[in-house]
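Written out below as structure tokens is the structure these notes cover.
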Amino acid sequence: MKNYTQLKRFPTIGDMAMMLLLFFVTQVFFGVVMEMCGVVAPTTSAIDDVDIETYMSEQVALGKYTALVYPLSMLFSICILWLYVRIRSGRRSIRIRHSVSGFNPAVVLVGVLWLFAAQIVLEPLMTYLPQNEGRGLGRGVWACVTAVGSAAILEELLCRGLIFEVLHKRWGVKTSILFSSLFFGLIHLDIATAIVAIVAGLIFGVLYVRTSSLYTTIIIHSVNNALAFAMICFGVGNLSLYEIVGGGTVYYVIYAIAAVIFITAFVEAYFTVFKRRKKTIIEEITE
């Protein structure tokens, strides 16, 4: 009876705030420990301050550093959050969905188009927000491995695998998608990236529920990161679609198509995911 009562009460809003705080605390703690062990981030310069060879050398070194530190820090945070959930929920198991339907190429294609459309629709808003001038992941093969591989896998494992499933046990589909998306956005820190990440999180959440598979969101997340990384490598990472196509009719046609895809996908998701028959807590536990 005690465990069942605990299950009904977990997670609370306080639990979610604590999990978010734990994520940042563990990230800072891990960074401090790594520095104490002599693993320090390499110095990087702005591209206008040094010659191109020095700049690229620094960026490749940063890429190697990130490839080592990022997955370890994320795994550390995920483990601590998992332990918190186990303690607070009465050692309840967490089932991460991994159906093979997540490899359905049609669903993946729709998800990729939906995500790209969302980014285009949000682009005008991004022009009014401060852009992150951080160091990023670096350049080179190892930076690509981080962006396309470990970042996509570990962020989905954290936000859809752990956070969503913890919420879903008590709060149901809609609240779980919303709050896991907010969590996903907040861990990206800067405002512009956070807003895009929140909307992306909503899309990932819908697809995760629809396919009952983390594979879908990992693949789409990976494709998105690969495109972003490629744009940075080709020197257009800081350019908007408006600047790339030169504005005019071409831009507005693309924007209109993206808006139709974006809105249609969310309307369709509302009727196929959000309007699904609700299940009781007991049904969720025995699922």
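Residue numbering restarts at 1 for every chain of the structure tokens, chains are lettered A, B, ... in their displayed order, and ligands are numbered from 1 as they appear.
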**Asked** Got a sec: who's within 10 Å of A:His221, counting only C-alpha atoms, leaving out chain neighbours fewer than 4 positions off, as a list in words?
**Response** Gly111, Val112, Leu115, Ala147, Val148, Gly149, Ala151, Ala152, Ile153, Glu155, Glu156, Ala200, Gly201, Phe204, Tyr215, Thr216, Thr217, Asn225 and Ala226 of chain A
With a distance cut-off of 9 Å and only C-alpha atoms, select the neighbouring residues of stretch 249-258 of chain A, excluding the residue or stretch itself and same-chain residues fewer than 4 positions from it, and output the selection as an mmCIF file with N, CA, C and O atoms, in the first residue's frame.
```
data_model
loop_
_atom_site.group_PDB
_atom_site.id
_atom_site.type_symbol
_atom_site.label_atom_id
_atom_site.label_comp_id
_atom_site.auth_asym_id
_atom_site.auth_seq_id
_atom_site.Cartn_x
_atom_site.Cartn_y
_atom_site.Cartn_z
ATOM 1 N N LEU A 113 10.888 15.840 -41.937
ATOM 2 C CA LEU A 113 10.231 16.966 -42.617
ATOM 3 C C LEU A 113 9.508 17.867 -41.622
ATOM 4 O O LEU A 113 9.539 19.099 -41.737
ATOM 5 N N TRP A 114 8.848 17.246 -40.656
ATOM 6 C CA TRP A 114 8.132 18.001 -39.626
ATOM 7 C C TRP A 114 9.088 18.862 -38.815
ATOM 8 O O TRP A 114 8.832 20.047 -38.559
ATOM 9 N N PHE A 116 12.181 19.907 -39.696
ATOM 10 C CA PHE A 116 12.752 20.958 -40.543
ATOM 11 C C PHE A 116 11.734 22.073 -40.763
ATOM 12 O O PHE A 116 12.078 23.264 -40.751
ATOM 13 N N ALA A 117 10.476 21.689 -40.979
ATOM 14 C CA ALA A 117 9.419 22.688 -41.180
ATOM 15 C C ALA A 117 9.268 23.563 -39.940
ATOM 16 O O ALA A 117 9.100 24.792 -40.042
ATOM 17 N N ALA A 118 9.334 22.945 -38.770
ATOM 18 C CA ALA A 118 9.215 23.697 -37.512
ATOM 19 C C ALA A 118 10.326 24.727 -37.383
ATOM 20 O O ALA A 118 10.101 25.871 -36.959
ATOM 21 N N GLN A 119 11.546 24.356 -37.758
ATOM 22 C CA GLN A 119 12.678 25.277 -37.646
ATOM 23 C C GLN A 119 12.532 26.449 -38.602
ATOM 24 O O GLN A 119 12.899 27.587 -38.269
ATOM 25 N N ILE A 120 11.986 26.185 -39.774
ATOM 26 C CA ILE A 120 11.753 27.278 -40.731
ATOM 27 C C ILE A 120 10.672 28.215 -40.212
ATOM 28 O O ILE A 120 10.801 29.447 -40.288
ATOM 29 N N VAL A 121 9.599 27.647 -39.659
ATOM 30 C CA VAL A 121 8.501 28.464 -39.122
ATOM 31 C C VAL A 121 8.994 29.344 -37.969
ATOM 32 O O VAL A 121 8.582 30.497 -37.830
ATOM 33 N N LEU A 241 17.615 30.838 -43.336
ATOM 34 C CA LEU A 241 17.141 30.423 -44.656
ATOM 35 C C LEU A 241 16.902 31.643 -45.537
ATOM 36 O O LEU A 241 17.198 31.621 -46.742
ATOM 37 N N TYR A 242 16.397 32.705 -44.940
ATOM 38 C CA TYR A 242 16.148 33.945 -45.684
ATOM 39 C C TYR A 242 17.441 34.446 -46.327
ATOM 40 O O TYR A 242 17.452 34.864 -47.495
ATOM 41 N N VAL A 245 18.736 31.841 -49.259
ATOM 42 C CA VAL A 245 18.020 31.874 -50.554
ATOM 43 C C VAL A 245 17.882 33.287 -51.094
ATOM 44 O O VAL A 245 17.391 33.489 -52.211
ATOM 45 N N PHE A 262 3.978 21.988 -40.937
ATOM 46 C CA PHE A 262 4.053 22.117 -39.486
ATOM 47 C C PHE A 262 2.667 22.049 -38.847
ATOM 48 O O PHE A 262 2.441 21.276 -37.902
ATOM 49 N N ILE A 263 1.734 22.836 -39.353
ATOM 50 C CA ILE A 263 0.386 22.893 -38.779
ATOM 51 C C ILE A 263 -0.374 21.599 -39.026
ATOM 52 O O ILE A 263 -1.024 21.058 -38.117
#
```
**Item:** Contacts of stretch 91-101 of chain A within 12 Å, only C-alpha atoms, excl. fewer than 5 positions in-chain, as a ChimeraX atom specification
**Value:** /A:3-4,6-8,10-11,81-86,106-108,156-169,205,207-218,284-287
Write out, as a tab-separated table (two decimals), in the first residue's frame, the residues just selected, with N, CA and C atoms.
```
chain	number	residue	atom	x	y	z
A	3	ASN	N	3.90	1.62	-1.26
A	3	ASN	CA	4.48	1.82	-2.58
A	3	ASN	C	3.46	2.36	-3.56
A	4	TYR	N	2.20	1.88	-3.46
A	4	TYR	CA	1.16	2.34	-4.38
A	4	TYR	C	0.85	3.82	-4.14
A	6	GLN	N	2.91	6.00	-2.84
A	6	GLN	CA	4.09	6.72	-3.32
A	6	GLN	C	4.06	6.87	-4.82
A	7	LEU	N	3.61	5.83	-5.51
A	7	LEU	CA	3.52	5.85	-6.97
A	7	LEU	C	2.54	6.90	-7.44
A	8	LYS	N	1.39	7.01	-6.73
A	8	LYS	CA	0.38	7.98	-7.13
A	8	LYS	C	0.89	9.41	-6.98
A	10	PHE	N	4.16	10.39	-7.08
A	10	PHE	CA	5.41	10.65	-7.79
A	10	PHE	C	5.17	10.54	-9.30
A	11	PRO	N	5.70	11.50	-10.08
A	11	PRO	CA	6.49	12.66	-9.67
A	11	PRO	C	5.62	13.89	-9.45
A	81	LEU	N	20.07	10.82	-12.05
A	81	LEU	CA	18.63	11.03	-12.15
A	81	LEU	C	17.87	9.71	-12.03
A	82	TRP	N	18.43	8.67	-12.63
A	82	TRP	CA	17.80	7.35	-12.53
A	82	TRP	C	17.76	6.88	-11.07
A	83	LEU	N	18.84	7.11	-10.33
A	83	LEU	CA	18.88	6.74	-8.92
A	83	LEU	C	17.85	7.54	-8.13
A	84	TYR	N	17.72	8.82	-8.44
A	84	TYR	CA	16.72	9.66	-7.77
A	84	TYR	C	15.32	9.11	-8.00
A	85	VAL	N	15.04	8.74	-9.24
A	85	VAL	CA	13.72	8.19	-9.57
A	85	VAL	C	13.48	6.88	-8.83
A	86	ARG	N	14.47	6.03	-8.80
A	86	ARG	CA	14.34	4.74	-8.11
A	86	ARG	C	14.05	4.94	-6.62
A	106	ALA	N	9.14	5.55	-43.47
A	106	ALA	CA	8.10	6.54	-43.75
A	106	ALA	C	7.89	7.46	-42.55
A	107	VAL	N	7.86	6.87	-41.35
A	107	VAL	CA	7.68	7.67	-40.14
A	107	VAL	C	8.89	8.57	-39.91
A	108	VAL	N	10.08	8.02	-40.14
A	108	VAL	CA	11.31	8.80	-39.98
A	108	VAL	C	11.31	9.98	-40.94
A	156	GLU	N	18.08	11.84	-26.11
A	156	GLU	CA	16.81	11.14	-26.23
A	156	GLU	C	16.61	10.15	-25.08
A	157	LEU	N	17.67	9.49	-24.68
A	157	LEU	CA	17.59	8.57	-23.55
A	157	LEU	C	17.17	9.31	-22.28
A	158	LEU	N	17.70	10.52	-22.10
A	158	LEU	CA	17.35	11.32	-20.94
A	158	LEU	C	15.93	11.87	-21.01
A	159	CYS	N	15.61	12.56	-22.10
A	159	CYS	CA	14.35	13.31	-22.16
A	159	CYS	C	13.14	12.47	-22.55
A	160	ARG	N	13.26	11.61	-23.53
A	160	ARG	CA	12.14	10.75	-23.89
A	160	ARG	C	12.19	9.44	-23.10
A	161	GLY	N	13.36	8.86	-22.94
A	161	GLY	CA	13.45	7.58	-22.25
A	161	GLY	C	13.19	7.67	-20.77
A	162	LEU	N	13.84	8.61	-20.09
A	162	LEU	CA	13.71	8.70	-18.63
A	162	LEU	C	12.62	9.69	-18.21
A	163	ILE	N	12.76	10.97	-18.59
A	163	ILE	CA	11.83	12.00	-18.12
A	163	ILE	C	10.41	11.71	-18.58
A	164	PHE	N	10.21	11.41	-19.85
A	164	PHE	CA	8.86	11.15	-20.35
A	164	PHE	C	8.23	9.97	-19.63
A	165	GLU	N	8.96	8.87	-19.51
A	165	GLU	CA	8.39	7.67	-18.91
A	165	GLU	C	8.08	7.86	-17.43
A	166	VAL	N	8.91	8.61	-16.73
A	166	VAL	CA	8.63	8.91	-15.32
A	166	VAL	C	7.33	9.70	-15.19
A	167	LEU	N	7.16	10.70	-16.03
A	167	LEU	CA	5.94	11.51	-16.01
A	167	LEU	C	4.71	10.72	-16.46
A	168	HIS	N	4.91	9.87	-17.45
A	168	HIS	CA	3.78	9.17	-18.07
A	168	HIS	C	3.07	8.25	-17.09
A	169	LYS	N	3.79	7.69	-16.15
A	169	LYS	CA	3.19	6.79	-15.18
A	169	LYS	C	2.08	7.46	-14.38
A	205	GLY	N	8.32	13.87	-28.82
A	205	GLY	CA	7.40	13.22	-27.89
A	205	GLY	C	6.24	12.55	-28.59
A	207	LEU	N	6.15	11.51	-31.73
A	207	LEU	CA	6.63	10.36	-32.50
A	207	LEU	C	7.02	9.20	-31.59
A	208	TYR	N	7.52	9.51	-30.41
A	208	TYR	CA	7.87	8.47	-29.45
A	208	TYR	C	6.62	7.70	-29.01
A	209	VAL	N	5.54	8.44	-28.75
A	209	VAL	CA	4.28	7.79	-28.36
A	209	VAL	C	3.70	7.01	-29.53
A	210	ARG	N	3.74	7.60	-30.71
A	210	ARG	CA	3.12	6.97	-31.87
A	210	ARG	C	3.80	5.66	-32.23
A	211	THR	N	5.12	5.63	-32.19
A	211	THR	CA	5.84	4.42	-32.62
A	211	THR	C	6.21	3.50	-31.45
A	212	SER	N	6.03	4.01	-30.22
A	212	SER	CA	6.47	3.26	-29.03
A	212	SER	C	7.93	2.84	-29.17
A	213	SER	N	8.74	3.79	-29.67
A	213	SER	CA	10.14	3.45	-29.91
A	213	SER	C	11.04	4.67	-29.80
A	214	LEU	N	12.10	4.52	-29.01
A	214	LEU	CA	13.11	5.57	-28.90
A	214	LEU	C	13.97	5.63	-30.16
A	215	TYR	N	13.96	4.55	-30.94
A	215	TYR	CA	14.78	4.52	-32.15
A	215	TYR	C	14.37	5.64	-33.11
A	216	THR	N	13.06	5.89	-33.23
A	216	THR	CA	12.58	6.93	-34.14
A	216	THR	C	13.16	8.29	-33.79
A	217	THR	N	13.05	8.67	-32.53
A	217	THR	CA	13.50	10.00	-32.13
A	217	THR	C	15.02	10.12	-32.21
A	218	ILE	N	15.73	9.05	-31.92
A	218	ILE	CA	17.19	9.08	-32.03
A	218	ILE	C	17.61	9.31	-33.47
A	284	GLU	N	-1.77	1.47	-16.60
A	284	GLU	CA	-0.42	1.87	-16.95
A	284	GLU	C	0.60	1.02	-16.20
A	285	ILE	N	0.29	0.70	-14.92
A	285	ILE	CA	1.23	-0.07	-14.12
A	285	ILE	C	1.38	-1.49	-14.66
A	286	THR	N	0.27	-2.07	-15.12
A	286	THR	CA	0.27	-3.46	-15.57
A	286	THR	C	0.55	-3.59	-17.05
A	287	GLU	N	0.82	-2.46	-17.73
A	287	GLU	CA	1.02	-2.47	-19.19
A	287	GLU	C	2.24	-3.30	-19.58
```
**Request:** Select from stretch 31-217 of chain A everything DSSP, run on the backbone, classes as helix (DSSP H, G or I), then give the selection as a PyMOL selection string.
**Result:** chain A and resi 31-36+52-88+100-103+105-126+141-186+191-211+214-217
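Closest to A:Met126 among A:Leu72, A:Leu154, A:Ile80, A:Leu239 is A:Leu239, based on only C-alpha atoms.
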**Request:** Could you tell me how far atom CA of A:Thr54 lies from atom CA of A:Ser73, in Å and to one decimal?
**Result:** 27.8 Å
**Message:** Set the distance at 8 Å and use only C-alpha atoms: which residues neighbour A:Phe183 once local chain neighbours fewer than 4 positions away are removed? I'd like the list as a list in words.
**Reply:** Leu20, Cys159, Phe179, Ile187 and Ile198 of chain A
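Minimum distance to A:Gly140 across A:Val267, A:Val32, A:Leu62, A:Val223 (counting only C-alpha atoms) occurs at A:Leu62.
For the set A:Ser45, A:Ile13, A:Ala192, A:Tyr70, the residue with the smallest atom-to-atom gap to A:Glu58 is A:Ser45, counting only C-alpha atoms.
The closest residue to A:Arg170, picked from A:Ser89, A:Ala228, A:Gly136, A:Phe271 and counting only C-alpha atoms, is A:Ser89.
Going from atom CA of A:Ala61 over to atom CA of A:Arg139, you cover 8.1 Å.
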**Item:** Test item: residues at most 10 Å from A:Ile191, only C-alpha atoms, excluding those fewer than 2 positions along its chain, as a PyMOL selection string
**Value:** chain A and resi 126+129-132+185-186+188-189+193-197
How about saving the chosen residues, all heavy atoms kept, as a short mmCIF file (atom, residue, chain, number, x, y, z; two decimals), in the first residue's frame?
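File written: part_10.cif
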```
data_model
loop_
_atom_site.label_atom_id
_atom_site.label_comp_id
_atom_site.auth_asym_id
_atom_site.auth_seq_id
_atom_site.Cartn_x
_atom_site.Cartn_y
_atom_site.Cartn_z
N MET A 126 13.54 33.78 -34.23
CA MET A 126 14.93 33.66 -33.82
C MET A 126 15.73 34.94 -34.08
O MET A 126 16.72 35.22 -33.39
CB MET A 126 15.60 32.49 -34.55
CG MET A 126 15.03 31.13 -34.25
SD MET A 126 15.13 30.66 -32.51
CE MET A 126 13.44 30.94 -31.98
N LEU A 129 15.93 37.16 -31.02
CA LEU A 129 16.48 36.60 -29.79
C LEU A 129 18.01 36.60 -29.83
O LEU A 129 18.60 36.46 -30.90
CB LEU A 129 15.98 35.16 -29.59
CG LEU A 129 14.47 35.00 -29.43
CD1 LEU A 129 14.11 33.52 -29.37
CD2 LEU A 129 13.97 35.72 -28.18
N PRO A 130 18.65 36.75 -28.68
CA PRO A 130 20.12 36.70 -28.64
C PRO A 130 20.61 35.31 -29.03
O PRO A 130 20.06 34.30 -28.59
CB PRO A 130 20.44 37.01 -27.17
CG PRO A 130 19.19 36.65 -26.42
CD PRO A 130 18.05 36.95 -27.34
N GLN A 131 21.62 35.26 -29.86
CA GLN A 131 22.16 34.00 -30.33
C GLN A 131 23.34 33.56 -29.47
O GLN A 131 24.13 34.39 -29.02
CB GLN A 131 22.61 34.12 -31.80
CG GLN A 131 21.48 34.51 -32.74
CD GLN A 131 20.35 33.49 -32.78
OE1 GLN A 131 20.59 32.30 -32.93
NE2 GLN A 131 19.13 33.98 -32.63
N ASN A 132 23.45 32.28 -29.26
CA ASN A 132 24.54 31.74 -28.45
C ASN A 132 25.87 31.88 -29.17
O ASN A 132 26.03 31.43 -30.30
CB ASN A 132 24.26 30.26 -28.15
CG ASN A 132 25.35 29.64 -27.29
OD1 ASN A 132 26.02 30.35 -26.55
ND2 ASN A 132 25.51 28.34 -27.37
N GLY A 185 14.32 21.58 -23.57
CA GLY A 185 14.68 22.94 -23.93
C GLY A 185 15.58 23.59 -22.89
O GLY A 185 16.57 24.23 -23.23
N LEU A 186 15.25 23.41 -21.62
CA LEU A 186 15.98 24.08 -20.55
C LEU A 186 17.43 23.61 -20.44
O LEU A 186 18.30 24.39 -20.05
CB LEU A 186 15.26 23.89 -19.22
CG LEU A 186 13.92 24.64 -19.09
CD1 LEU A 186 13.20 24.24 -17.81
CD2 LEU A 186 14.15 26.15 -19.13
N HIS A 188 19.36 23.14 -22.73
CA HIS A 188 20.16 23.75 -23.80
C HIS A 188 20.56 25.19 -23.48
O HIS A 188 21.21 25.85 -24.29
CB HIS A 188 19.38 23.70 -25.13
CG HIS A 188 19.39 22.34 -25.75
ND1 HIS A 188 18.52 21.35 -25.37
CD2 HIS A 188 20.17 21.81 -26.73
CE1 HIS A 188 18.76 20.26 -26.09
NE2 HIS A 188 19.76 20.50 -26.91
N LEU A 189 20.12 25.69 -22.34
CA LEU A 189 20.59 26.94 -21.74
C LEU A 189 20.20 28.22 -22.48
O LEU A 189 19.41 29.01 -21.96
CB LEU A 189 22.11 26.90 -21.53
CG LEU A 189 22.60 25.85 -20.52
CD1 LEU A 189 24.12 25.87 -20.43
CD2 LEU A 189 21.98 26.06 -19.16
N THR A 193 18.15 28.59 -28.69
CA THR A 193 18.26 27.15 -28.83
C THR A 193 17.19 26.45 -28.01
O THR A 193 16.63 25.43 -28.43
CB THR A 193 19.65 26.67 -28.38
OG1 THR A 193 20.65 27.35 -29.12
CG2 THR A 193 19.80 25.16 -28.60
N ALA A 194 16.88 26.99 -26.83
CA ALA A 194 15.88 26.37 -25.95
C ALA A 194 14.50 26.36 -26.60
O ALA A 194 13.78 25.37 -26.51
CB ALA A 194 15.83 27.11 -24.61
N ILE A 195 14.13 27.45 -27.25
CA ILE A 195 12.81 27.52 -27.89
C ILE A 195 12.70 26.50 -29.01
O ILE A 195 11.70 25.77 -29.13
CB ILE A 195 12.54 28.94 -28.42
CG1 ILE A 195 12.33 29.90 -27.24
CG2 ILE A 195 11.31 28.96 -29.33
CD1 ILE A 195 12.17 31.34 -27.65
N VAL A 196 13.72 26.42 -29.84
CA VAL A 196 13.73 25.42 -30.92
C VAL A 196 13.69 24.01 -30.32
O VAL A 196 12.98 23.13 -30.81
CB VAL A 196 14.97 25.59 -31.82
CG1 VAL A 196 15.04 24.46 -32.84
CG2 VAL A 196 14.93 26.94 -32.52
N ALA A 197 14.45 23.80 -29.24
CA ALA A 197 14.50 22.48 -28.62
C ALA A 197 13.16 22.09 -28.00
O ALA A 197 12.77 20.92 -28.03
CB ALA A 197 15.59 22.45 -27.55
#
```
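We find atom CA of A:Ala41 and atom CA of A:Val69 to be spaced 9.2 Å apart.
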**Message:** Set the distance at 9 Å and use only C-alpha atoms: which residues neighbour A:Leu137 once local chain neighbours fewer than 2 positions away are removed? I'd like the list as a count of residues only.
**Reply:** 13
